[in-house]
$ cat my_file_3.cif   # mmCIF, C-alpha atoms
data_query
#
loop_
_atom_site.group_PDB
_atom_site.id
_atom_site.type_symbol
_atom_site.label_atom_id
_atom_site.label_comp_id
_atom_site.auth_asym_id
_atom_site.auth_seq_id
_atom_site.Cartn_x
_atom_site.Cartn_y
_atom_site.Cartn_z
ATOM 1 C CA MET A 34 142.147 150.937 55.498
ATOM 2 C CA ALA A 35 142.838 153.908 53.275
ATOM 3 C CA LYS A 36 141.089 154.683 50.007
ATOM 4 C CA SER A 37 142.296 152.814 46.943
ATOM 5 C CA GLY A 38 145.856 153.746 46.078
ATOM 6 C CA TYR A 39 146.606 155.422 49.390
ATOM 7 C CA GLY A 40 147.918 154.212 52.727
ATOM 8 C CA LYS A 41 151.013 152.659 54.257
ATOM 9 C CA ARG A 42 153.589 151.043 51.985
ATOM 10 C CA SER A 43 156.914 149.532 52.984
ATOM 11 C CA VAL A 44 160.022 150.776 51.198
ATOM 12 C CA GLY A 45 160.693 147.198 50.175
ATOM 13 C CA ASP A 46 164.251 146.418 51.278
ATOM 14 C CA GLU A 47 163.623 145.402 54.892
ATOM 15 C CA ASP A 48 163.020 142.075 56.571
ATOM 16 C CA PRO A 49 159.275 142.096 57.375
ATOM 17 C CA HIS A 50 159.875 139.791 60.348
ATOM 18 C CA ALA A 51 162.656 141.787 61.996
ATOM 19 C CA ASP A 52 162.077 143.279 65.421
ATOM 20 C CA PRO A 53 161.645 147.071 65.263
ATOM 21 C CA GLU A 54 164.219 149.268 66.988
ATOM 22 C CA PHE A 55 162.969 152.713 67.961
ATOM 23 C CA ALA A 56 165.140 153.384 71.005
ATOM 24 C CA HIS A 57 166.365 156.627 69.407
ATOM 25 C CA LEU A 58 162.849 158.104 69.687
ATOM 26 C CA ARG A 59 161.126 159.559 72.722
ATOM 27 C CA PRO A 60 159.062 156.970 74.662
ATOM 28 C CA ARG A 61 155.672 158.059 73.325
ATOM 29 C CA ASP A 62 156.999 158.471 69.782
ATOM 30 C CA ALA A 63 158.587 155.012 69.955
ATOM 31 C CA GLU A 64 155.319 153.496 71.169
ATOM 32 C CA ILE A 65 153.381 155.013 68.260
ATOM 33 C CA ALA A 66 156.135 153.952 65.837
ATOM 34 C CA VAL A 67 155.726 150.327 66.986
ATOM 35 C CA PHE A 68 151.959 150.712 66.526
ATOM 36 C CA ILE A 69 152.466 151.954 62.946
ATOM 37 C CA ASP A 70 155.006 149.227 62.209
ATOM 38 C CA HIS A 71 152.397 146.558 62.964
ATOM 39 C CA LEU A 72 149.746 148.060 60.664
ATOM 40 C CA GLU A 73 149.108 146.257 57.389
ATOM 41 C CA ASP A 74 150.125 147.763 54.077
ATOM 42 C CA GLY A 75 147.338 149.954 52.752
ATOM 43 C CA HIS A 76 146.286 151.178 56.204
ATOM 44 C CA ALA A 77 145.386 154.856 56.499
ATOM 45 C CA MET A 78 148.205 156.892 58.039
ATOM 46 C CA GLY A 79 146.543 160.159 59.037
ATOM 47 C CA TYR A 80 146.936 161.179 62.670
ATOM 48 C CA LYS A 81 143.137 161.230 63.164
ATOM 49 C CA VAL A 82 142.842 157.609 62.052
ATOM 50 C CA LEU A 83 145.770 156.561 64.241
ATOM 51 C CA ALA A 84 144.233 158.333 67.244
ATOM 52 C CA ALA A 85 140.881 156.649 66.621
ATOM 53 C CA GLU A 86 142.508 153.212 66.755
ATOM 54 C CA HIS A 87 145.236 153.774 69.355
ATOM 55 C CA PRO A 88 144.026 152.799 72.822
ATOM 56 C CA GLN A 89 145.878 155.528 74.747
ATOM 57 C CA HIS A 90 146.748 158.642 72.710
ATOM 58 C CA GLY A 91 144.537 161.335 71.209
ATOM 59 C CA GLN A 92 144.784 163.324 67.997
ATOM 60 C CA GLN A 93 147.228 165.981 69.166
ATOM 61 C CA ALA A 94 149.600 163.431 70.685
ATOM 62 C CA CYS A 95 149.504 161.301 67.542
ATOM 63 C CA ARG A 96 150.013 164.353 65.329
ATOM 64 C CA THR A 97 153.069 165.525 67.286
ATOM 65 C CA SER A 98 154.602 162.061 67.472
ATOM 66 C CA LEU A 99 153.917 161.486 63.782
ATOM 67 C CA GLY A 100 155.841 164.661 62.964
ATOM 68 C CA ARG A 101 158.826 163.552 65.035
ATOM 69 C CA ILE A 102 158.746 160.052 63.505
ATOM 70 C CA ILE A 103 158.809 161.669 60.049
ATOM 71 C CA ASP A 104 161.708 163.919 61.046
ATOM 72 C CA ALA A 105 163.606 160.876 62.362
ATOM 73 C CA GLY A 106 163.497 159.346 58.869
ATOM 74 C CA HIS A 107 160.835 156.625 59.177
ATOM 75 C CA LEU A 108 158.020 158.123 57.076
ATOM 76 C CA ARG A 109 157.565 160.075 53.863
ATOM 77 C CA TRP A 110 154.482 161.262 51.993
ATOM 78 C CA ILE A 111 155.050 161.228 48.211
ATOM 79 C CA ARG A 112 152.463 162.362 45.668
ATOM 80 C CA GLU A 113 152.772 160.507 42.369
ATOM 81 C CA HIS A 114 151.192 161.508 39.070
ATOM 82 C CA ILE A 115 150.034 158.359 37.254
ATOM 83 C CA THR A 116 149.558 158.333 33.477
ATOM 84 C CA VAL A 117 147.764 155.315 32.038
ATOM 85 C CA GLU A 118 148.046 153.874 28.552
ATOM 86 C CA ASP A 119 144.589 155.185 27.605
ATOM 87 C CA ASN A 120 145.855 158.744 28.407
ATOM 88 C CA SER A 121 143.859 158.997 31.634
ATOM 89 C CA MET A 122 145.751 160.610 34.513
ATOM 90 C CA ARG A 123 145.416 161.002 38.265
ATOM 91 C CA TRP A 124 147.350 161.891 41.405
ATOM 92 C CA VAL A 125 147.940 159.278 44.095
ATOM 93 C CA THR A 126 149.516 159.971 47.493
ATOM 94 C CA ARG A 127 151.727 157.165 48.803
ATOM 95 C CA THR A 128 152.835 156.853 52.417
ATOM 96 C CA TYR A 129 156.190 155.065 52.562
ATOM 97 C CA TRP A 130 157.259 153.501 55.845
ATOM 98 C CA SER A 131 160.760 152.415 56.829
ATOM 99 C CA ARG A 132 161.482 150.549 60.043
ATOM 100 C CA ILE A 133 165.086 151.722 59.671
ATOM 101 C CA PRO A 134 165.587 155.496 60.091
ATOM 102 C CA ARG A 135 166.724 156.842 56.708
ATOM 103 C CA SER A 136 168.745 159.961 55.977
ATOM 104 C CA PRO A 137 167.313 162.871 53.955
ATOM 105 C CA GLU A 138 169.715 161.935 51.159
ATOM 106 C CA TRP A 139 168.368 158.360 51.096
ATOM 107 C CA TRP A 140 164.771 159.574 50.888
ATOM 108 C CA ALA A 141 165.686 162.057 48.143
ATOM 109 C CA LYS A 142 167.167 159.231 46.051
ATOM 110 C CA PHE A 143 164.174 156.996 46.795
ATOM 111 C CA THR A 144 161.809 159.746 45.613
ATOM 112 C CA ARG A 145 163.755 160.343 42.400
ATOM 113 C CA GLU A 146 163.664 156.634 41.603
ATOM 114 C CA ARG A 147 159.859 156.640 41.734
ATOM 115 C CA HIS A 148 159.765 158.850 38.634
ATOM 116 C CA GLY A 149 159.215 156.805 35.493
ATOM 117 C CA ARG A 150 158.378 153.644 37.462
ATOM 118 C CA ASP A 151 156.042 151.221 35.672
ATOM 119 C CA VAL A 152 153.312 150.447 38.211
ATOM 120 C CA THR A 153 151.127 148.225 36.021
ATOM 121 C CA ALA A 154 152.195 144.995 37.674
ATOM 122 C CA ASP A 155 151.743 146.400 41.181
ATOM 123 C CA HIS A 156 148.742 144.531 42.597
ATOM 124 C CA ARG A 157 148.096 146.911 45.487
ATOM 125 C CA PRO A 158 144.687 148.618 45.429
ATOM 126 C CA GLY A 159 144.171 151.578 43.154
ATOM 127 C CA LEU A 160 146.800 150.849 40.526
ATOM 128 C CA ALA A 161 146.084 149.956 36.927
ATOM 129 C CA ARG A 162 146.869 146.466 35.834
ATOM 130 C CA THR A 163 146.589 144.468 32.664
ATOM 131 C CA GLU A 164 145.974 140.796 32.198
ATOM 132 C CA GLU A 165 148.255 139.244 29.634
ATOM 133 C CA THR A 166 146.222 137.010 27.328
ATOM 134 C CA ALA A 167 147.545 134.791 24.601
ATOM 135 C CA PRO A 168 146.568 135.946 21.105
ATOM 136 C CA GLU A 169 143.777 133.985 19.510
ATOM 137 C CA THR A 170 144.937 131.735 16.694
ATOM 138 C CA GLU A 171 143.115 129.576 14.242
ATOM 139 C CA PRO A 172 143.112 125.921 15.321
ATOM 140 C CA GLU A 173 145.537 123.830 13.389
ATOM 141 C CA THR A 174 143.975 121.022 11.393
ATOM 142 C CA GLU A 175 145.736 118.099 9.893
ATOM 143 C CA PRO A 176 145.259 117.704 6.151
ATOM 144 C CA GLY A 177 142.534 115.170 5.350
ATOM 145 C CA ILE A 178 143.362 111.817 3.802
ATOM 146 C CA GLU A 179 141.592 111.275 0.525
ATOM 147 C CA SER A 180 139.799 107.922 0.302
ATOM 148 C CA GLU A 181 140.232 105.656 -2.641
ATOM 149 C CA PRO A 182 137.546 105.879 -5.336
ATOM 150 C CA GLY A 183 134.562 103.754 -4.520
ATOM 151 C CA ILE A 184 135.555 103.281 -0.884
ATOM 152 C CA GLU A 185 133.736 105.289 1.739
ATOM 153 C CA SER A 186 135.647 106.065 4.893
ATOM 154 C CA GLU A 187 133.802 105.688 8.156
ATOM 155 C CA PRO A 188 133.204 109.018 9.923
ATOM 156 C CA GLU A 189 135.122 109.385 13.142
ATOM 157 C CA PRO A 190 132.948 109.822 16.255
ATOM 158 C CA GLU A 191 132.838 113.389 17.590
ATOM 159 C CA PRO A 192 134.691 113.702 20.883
ATOM 160 C CA GLU A 193 132.608 114.549 23.900
ATOM 161 C CA PRO A 194 133.226 118.025 25.300
ATOM 162 C CA ALA A 195 135.529 118.091 28.311
ATOM 163 C CA PRO A 196 133.671 118.840 31.579
ATOM 164 C CA SER A 197 134.214 122.346 32.967
ATOM 165 C CA ASP A 198 135.600 123.127 36.431
ATOM 166 C CA ALA A 199 132.062 123.916 37.539
ATOM 167 C CA TYR A 200 130.779 120.530 36.341
ATOM 168 C CA ARG A 201 133.665 118.612 37.914
ATOM 169 C CA THR A 202 133.118 120.396 41.211
ATOM 170 C CA LEU A 203 129.449 119.425 41.270
ATOM 171 C CA ALA A 204 130.149 115.846 40.203
ATOM 172 C CA GLY A 205 132.760 115.523 42.947
ATOM 173 C CA LEU A 206 130.357 116.389 45.756
ATOM 174 C CA ARG A 207 129.469 112.719 46.236
ATOM 175 C CA ASP A 208 133.114 111.996 47.129
ATOM 176 C CA VAL A 209 133.123 114.761 49.760
ATOM 177 C CA ASP A 210 129.736 113.934 51.275
ATOM 178 C CA PRO A 211 127.677 110.857 50.275
ATOM 179 C CA ARG A 212 124.495 112.837 51.009
ATOM 180 C CA MET A 213 125.066 114.954 47.878
ATOM 181 C CA PRO A 214 125.204 112.458 44.960
ATOM 182 C CA LEU A 215 124.228 114.667 42.004
ATOM 183 C CA SER A 216 123.301 112.906 38.778
ATOM 184 C CA GLU A 217 124.830 113.826 35.442
ATOM 185 C CA ALA A 218 121.653 115.641 34.434
ATOM 186 C CA GLU A 219 121.611 117.623 37.701
ATOM 187 C CA CYS A 220 125.256 118.579 37.224
ATOM 188 C CA ARG A 221 124.472 119.869 33.722
ATOM 189 C CA LEU A 222 121.520 121.910 34.985
ATOM 190 C CA LEU A 223 123.497 123.427 37.878
ATOM 191 C CA GLU A 224 126.696 123.985 35.878
ATOM 192 C CA PRO A 225 125.814 127.595 34.853
ATOM 193 C CA LEU A 226 125.172 128.576 38.493
ATOM 194 C CA ALA A 227 128.475 127.069 39.649
ATOM 195 C CA GLY A 228 130.166 128.805 36.701
ATOM 196 C CA ASP A 229 128.810 132.142 37.965
ATOM 197 C CA TRP A 230 130.449 131.443 41.319
ATOM 198 C CA LEU A 231 133.814 130.866 39.654
ATOM 199 C CA SER A 232 133.500 133.998 37.492
ATOM 200 C CA ARG A 233 132.973 136.050 40.662
ATOM 201 C CA GLY A 234 136.229 134.909 42.198
ATOM 202 C CA ALA A 235 135.088 131.834 44.138
ATOM 203 C CA THR A 236 137.150 128.649 44.058
ATOM 204 C CA PRO A 237 135.935 125.054 43.619
ATOM 205 C CA ASP A 238 136.610 124.547 47.328
ATOM 206 C CA ASP A 239 134.343 127.522 48.119
ATOM 207 C CA ILE A 240 131.533 125.898 46.145
ATOM 208 C CA THR A 241 132.097 122.525 47.792
ATOM 209 C CA ARG A 242 131.995 124.022 51.291
ATOM 210 C CA ALA A 243 128.842 126.003 50.491
ATOM 211 C CA LEU A 244 127.069 122.845 49.325
ATOM 212 C CA THR A 245 128.238 120.442 52.046
ATOM 213 C CA ASP A 246 128.606 122.449 55.262
ATOM 214 C CA GLY A 247 125.796 122.082 57.789
ATOM 215 C CA LEU A 248 123.777 119.487 55.908
ATOM 216 C CA PRO A 249 120.775 117.864 57.628
ATOM 217 C CA PRO A 250 121.146 114.196 58.681
ATOM 218 C CA GLU A 251 119.250 113.071 55.578
ATOM 219 C CA VAL A 252 119.089 114.821 52.202
ATOM 220 C CA THR A 253 116.122 113.693 50.100
ATOM 221 C CA ASN A 254 116.639 116.077 47.184
ATOM 222 C CA PRO A 255 120.369 116.816 46.618
ATOM 223 C CA GLY A 256 119.749 118.650 43.334
ATOM 224 C CA GLY A 257 117.134 120.973 44.816
ATOM 225 C CA LEU A 258 119.248 121.695 47.895
ATOM 226 C CA ALA A 259 122.275 122.432 45.719
ATOM 227 C CA ARG A 260 120.309 124.848 43.527
ATOM 228 C CA ASN A 261 118.881 126.650 46.559
ATOM 229 C CA ARG A 262 122.322 127.124 48.126
ATOM 230 C CA LEU A 263 123.993 128.143 44.868
ATOM 231 C CA GLU A 264 121.365 130.846 44.348
ATOM 232 C CA SER A 265 121.051 132.096 47.931
ATOM 233 C CA LYS A 266 124.793 132.141 48.728
ATOM 234 C CA MET A 267 125.987 133.525 45.386
ATOM 235 C CA PRO A 268 129.038 135.782 46.025
ATOM 236 C CA PRO A 269 128.889 139.407 44.797
ATOM 237 C CA LYS A 270 130.243 140.352 41.408
ATOM 238 C CA LYS A 271 133.814 141.535 41.270
ATOM 239 C CA ALA A 272 134.180 145.283 40.817
ATOM 240 C CA LYS A 273 135.370 146.159 37.352
ATOM 241 C CA ASP A 274 138.724 147.899 37.097
ATOM 242 C CA ARG A 275 138.158 151.504 36.124
ATOM 243 C CA GLN A 276 141.628 151.738 34.628
ATOM 244 C CA LYS A 277 142.954 149.535 31.892
ATOM 245 C CA GLY A 278 146.338 149.513 30.267
ATOM 246 C CA ARG A 279 149.821 150.128 31.493
ATOM 247 C CA ALA A 280 150.438 152.859 34.049
ATOM 248 C CA ARG A 281 153.593 154.843 34.728
ATOM 249 C CA VAL A 282 154.665 157.447 37.300
ATOM 250 C CA THR A 283 155.225 160.643 35.308
ATOM 251 C CA ARG A 284 155.805 163.115 38.146
ATOM 252 C CA VAL A 285 156.786 162.912 41.807
ATOM 253 C CA ILE A 286 156.181 165.593 44.456
ATOM 254 C CA LEU A 287 157.112 165.597 48.145
ATOM 255 C CA VAL A 288 154.281 166.294 50.597
ATOM 256 C CA CYS A 289 154.316 167.477 54.204
ATOM 257 C CA GLY A 290 153.367 164.495 56.343
ATOM 258 C CA THR A 291 151.036 166.389 58.681
ATOM 259 C CA CYS A 292 149.388 169.261 56.756
ATOM 260 C CA ASP A 293 149.385 167.795 53.206
ATOM 261 C CA ALA A 294 151.026 170.883 51.667
ATOM 262 C CA ASP A 295 153.420 169.915 48.863
ATOM 263 C CA GLU A 296 156.706 171.320 47.613
ATOM 264 C CA ARG A 297 155.008 173.327 44.864
ATOM 265 C CA THR A 298 153.837 175.838 47.488
ATOM 266 C CA VAL A 299 156.059 175.275 50.560
ATOM 267 C CA GLU A 300 159.576 174.106 51.327
ATOM 268 C CA ILE A 301 159.687 170.512 52.573
ATOM 269 C CA VAL A 302 162.489 169.778 55.058
ATOM 270 C CA ASN A 303 162.900 166.170 56.263
ATOM 271 C CA GLY A 304 159.358 165.349 55.186
ATOM 272 C CA LEU A 305 157.718 168.363 56.891
ATOM 273 C CA CYS A 306 157.029 171.980 55.984
ATOM 274 C CA ARG A 307 158.739 174.658 58.082
ATOM 275 C CA GLU A 308 155.508 175.737 59.765
ATOM 276 C CA CYS A 309 154.816 172.184 61.007
ATOM 277 C CA ARG A 310 158.423 171.797 62.103
ATOM 278 C CA GLU A 311 158.111 174.871 64.302
ATOM 279 C CA GLU A 312 154.812 173.542 65.688
ATOM 280 C CA PHE A 313 156.541 170.337 66.807
ATOM 281 C CA GLY A 314 159.563 172.157 68.240
ATOM 282 C CA LEU A 315 161.919 170.920 65.488
ATOM 283 C CA ASP A 316 164.724 172.929 63.978
ATOM 284 C CA PRO A 317 163.268 174.701 60.890
ATOM 285 C CA SER A 318 166.477 174.022 58.979
ATOM 286 C CA GLY A 319 166.307 170.282 59.616
ATOM 287 C CA ARG A 320 169.744 170.211 61.263
ATOM 288 C CA PRO A 321 170.157 167.771 64.148
ATOM 289 C CA PRO A 322 170.079 169.374 67.631
ATOM 290 C CA VAL A 323 173.408 170.542 69.067
ATOM 291 C CA PRO A 324 174.436 168.542 72.155
ATOM 292 C CA ALA A 325 174.308 170.529 75.402
ATOM 293 C CA THR A 326 178.057 170.106 75.880
ATOM 294 C CA PHE A 327 178.664 172.194 72.756
ATOM 295 C CA LEU A 328 176.266 174.999 73.640
ATOM 296 C CA PRO A 329 177.693 178.334 74.946
ATOM 297 C CA GLY A 330 177.506 178.781 78.703
ATOM 298 C CA PRO A 331 179.481 178.553 81.925
ATOM 299 C CA ARG A 332 181.673 175.519 82.392
ATOM 300 C CA PRO A 333 180.649 173.182 85.197
ATOM 301 C CA GLY A 334 182.901 173.661 88.251
ATOM 302 C CA GLY A 335 184.454 176.887 86.883
ATOM 303 C CA LEU A 336 185.756 179.823 88.888
ATOM 304 C CA PRO A 337 183.290 181.956 90.849
ATOM 305 C CA GLY A 338 181.936 184.682 88.674
ATOM 306 C CA ALA A 339 183.054 182.936 85.485
ATOM 307 C CA ASP A 340 179.608 183.438 83.988
ATOM 308 C CA GLU A 341 179.755 187.220 84.554
ATOM 309 C CA VAL A 342 180.542 189.750 81.802
ATOM 310 C CA VAL A 343 183.980 191.325 82.388
ATOM 311 C CA ASP A 344 185.429 194.485 80.785
ATOM 312 C CA VAL A 345 188.814 193.274 79.604
ATOM 313 C CA THR A 346 190.425 196.789 79.552
ATOM 314 C CA ASP A 347 189.476 197.561 83.155
ATOM 315 C CA ARG A 348 190.643 194.135 84.215
ATOM 316 C CA VAL A 349 194.082 194.595 82.617
ATOM 317 C CA ASP A 350 194.510 198.035 84.246
ATOM 318 C CA ALA A 351 193.675 196.592 87.647
ATOM 319 C CA LEU A 352 196.243 193.821 87.248
ATOM 320 C CA ARG A 353 198.949 196.321 86.236
ATOM 321 C CA ARG A 354 198.283 198.535 89.214
ATOM 322 C CA ALA A 355 198.453 195.553 91.530
ATOM 323 C CA ALA A 356 201.822 194.635 90.043
ATOM 324 C CA GLY A 357 203.180 198.234 90.441
ATOM 325 C CA LEU A 358 203.480 198.748 86.719
ATOM 326 C CA ARG A 359 201.369 201.914 86.778
#
$ encode --input "my_file_3.cif" --output "C-alpha cells"
Amino acid sequence: MAKSGYGKRSVGDEDPHADPEFAHLRPRDAEIAVFIDHLEDGHAMGYKVLAAEHPQHGQQACRTSLGRIIDAGHLRWIREHITVEDNSMRWVTRTYWSRIPRSPEWWAKFTRERHGRDVTADHRPGLARTEETAPETEPETEPGIESEPGIESEPEPEPEPAPSDAYRTLAGLRDVDPRMPLSEAECRLLEPLAGDWLSRGATPDDITRALTDGLPPEVTNPGGLARNRLESKMPPKKAKDRQKGRARVTRVILVCGTCDADERTVEIVNGLCRECREEFGLDPSGRPPVPATFLPGPRPGGLPGADEVVDVTDRVDALRRAAGLR
C-alpha cells in the first residue's frame, strides 16, 4: 500500500463489479491494466512497485506499459494542495484510475472539479476528518414540589448507574461459555480493562472471542483468566490524527505519471510530459496515430514505377513528341 494520502483511487462513477475491457491496448499493456484494475484503492501505483508484485514483467516493461495506459486515458496523477481549518497545509498526490478510457477533455474537467473540494468527510487514509459531537448542555431538571408545612417528603432512592458496554460484555460471558461465569464484583474489577479495549477500537465481540476462544476443559478461576487475557492481548492504541478540522483542496496541478514532473515546469500532454512520451514512442503532441491507409506512399497494386519520382515537364514533352505535336 502507498503512504497515507497516496495511491490508487477510482474516479467514482463506474460499476466496481463490471468486467474490465482493455482490448484496445497492446497485449502486455492490457495484461498490466487488468492487474492494476484488481488492486485495492490506496495501493501504490509506481512502476517499481508494480514490477515487484507482478509475476512476469520487470520495471522497464511496467514503466512502458504504464505510460501507454496513461496515454490511453485510464490513469492520471493529480497533485492536490490541501488547506486545513487550523491553517496547516500540505501537498498530496492522488492517482486516479478509470476502467473506462477517458478523453483528455474529460480528465481536464475532472481535474478542475477537484479544486475547492471539501475532503473532510473522505475517510481514505491521509485526509483530515472531524467528528461531529453534540454540544454539551445542562441537564434539564423538573421543578421540585414543595411539601406542605410539617410534612416531610420521603427521599426518592438514587437510581443505580447503568452498566457500561464493557461491563455488559463481561457479564454476558457466562451466556457464551458456561466456563466463564464472572461475578458482579469481578465484572466491576475488570471493567476498566475491557473499557481500554473498546477505546482502542475493539468491539464487544472482539473481547468475547479473546476471553472464550481456546479455553481449557475446566476453568477454576474465570476472573483470573479473564484478567490475564485482557492484559496480555490488549490491542494497540489507535494512532492520533495529526490533522484536525475541515480540509479543502485549494490548488490542483497535473503530474507526469512516470517521472513525477508537474505542469509548473513541463508541459503535460495526456498525463505525460513530452520527454516521457518520446521515450515510449508516443506522439509528442498527443494526437492519435494516423492509420496506415492515410499515410503517403505507393498505392497497393499500382502501375509499375508508380513510386518513382517523375519530372512532369520532361514527361509532357515526351508525350507530345510521341503524338507528333512537336
$ atom_distance --input "my_file_3.cif" --atom1 "CA of Gly234 in chain A" --atom2 "CA of Met267 in chain A"
10.8 Å
$ atom_distance --input "my_file_3.cif" --atom1 "CA of Ala227 in chain A" --atom2 "CA of Thr202 in chain A"
8.3 Å
$ residues_around --input "my_file_3.cif" --residues "Trp230 in chain A" --least-positions-apart "5" --cutoff "9 Å" --atoms "all atoms listed in the file" --output "list of chain:residue names"
A:Ala199, A:Pro225, A:Ala235, A:Thr236, A:Pro237, A:Asp239, A:Ile240, A:Leu263, A:Met267, A:Pro268, A:Pro269, A:Lys270
$ atom_distance --input "my_file_3.cif" --atom1 "CA of Arg96 in chain A" --atom2 "CA of Tyr80 in chain A"
5.2 Å
$ residues_around --input "my_file_3.cif" --residues "range 131-148 of chain A" --least-positions-apart "5" --cutoff "7 Å" --atoms "only C-alpha atoms" --output "PyMOL selection string"
chain A and resi 43-44+53+70+105-108+282-285+303
$ resolve_selection --input "my_file_3.cif" --expression "the PyMOL selection byres ((chain A and resi 250) around 12)" --output "VMD selection string"
chain A and resid 210 to 213 245 to 249 251 to 253
$ axis_aligned_box --input "my_file_3.cif" --around "range 219-227 of chain A" --padding-each-side "6 Å" --output "lines of an AutoDock Vina configuration file"
center_x = 125.0
center_y = 123.1
center_z = 36.7
size_x = 19.0
size_y = 23.0
size_z = 17.9
$ resolve_selection --input "my_file_3.cif" --expression "the PyMOL selection byres ((chain A and resi 90) around 12)" --output "ChimeraX atom specification"
/A:61-62,64-65,68,80-89,91-99
$ closest_residue --input "my_file_3.cif" --among "A:Leu231, A:Ala218, A:Leu352, A:Leu244" --to "Lys266 in chain A" --atoms "all atoms listed in the file"
A:Leu244
$ closest_residue --input "my_file_3.cif" --among "A:Ile115, A:Ile102, A:Leu203, A:Cys306" --to "Ile69 in chain A" --atoms "only C-alpha atoms"
A:Ile102
$ resolve_selection --input "my_file_3.cif" --expression "the PyMOL selection byres ((chain A and resi 279) around 6)" --output "ChimeraX atom specification"
/A:117-118,153,278,280
$ closest_residue --input "my_file_3.cif" --among "A:Ala204, A:Ala56, A:Ala66, A:Cys289" --to "Glu308 in chain A" --atoms "only C-alpha atoms"
A:Cys289
$ decode --input "my_file_3.cif" --residues "range 83-97 of chain A" --atoms "C-alpha atoms" --output "short mmCIF file (atom, residue, chain, number, x, y, z; two decimals), in the first residue's frame"
data_model
loop_
_atom_site.label_atom_id
_atom_site.label_comp_id
_atom_site.auth_asym_id
_atom_site.auth_seq_id
_atom_site.Cartn_x
_atom_site.Cartn_y
_atom_site.Cartn_z
CA LEU A 83 4.02 -2.92 -9.82
CA ALA A 84 7.10 -4.75 -11.14
CA ALA A 85 7.90 -6.06 -7.66
CA GLU A 86 4.44 -7.61 -7.37
CA HIS A 87 3.77 -8.65 -10.98
CA PRO A 88 4.81 -12.25 -11.57
CA GLN A 89 6.07 -11.80 -15.14
CA HIS A 90 7.17 -8.26 -16.04
CA GLY A 91 10.11 -6.18 -14.84
CA GLN A 92 10.50 -2.48 -14.15
CA GLN A 93 11.12 -1.31 -17.71
CA ALA A 94 8.18 -3.28 -19.10
CA CYS A 95 5.87 -1.96 -16.38
CA ARG A 96 7.11 1.59 -16.89
CA THR A 97 6.50 1.49 -20.65
#
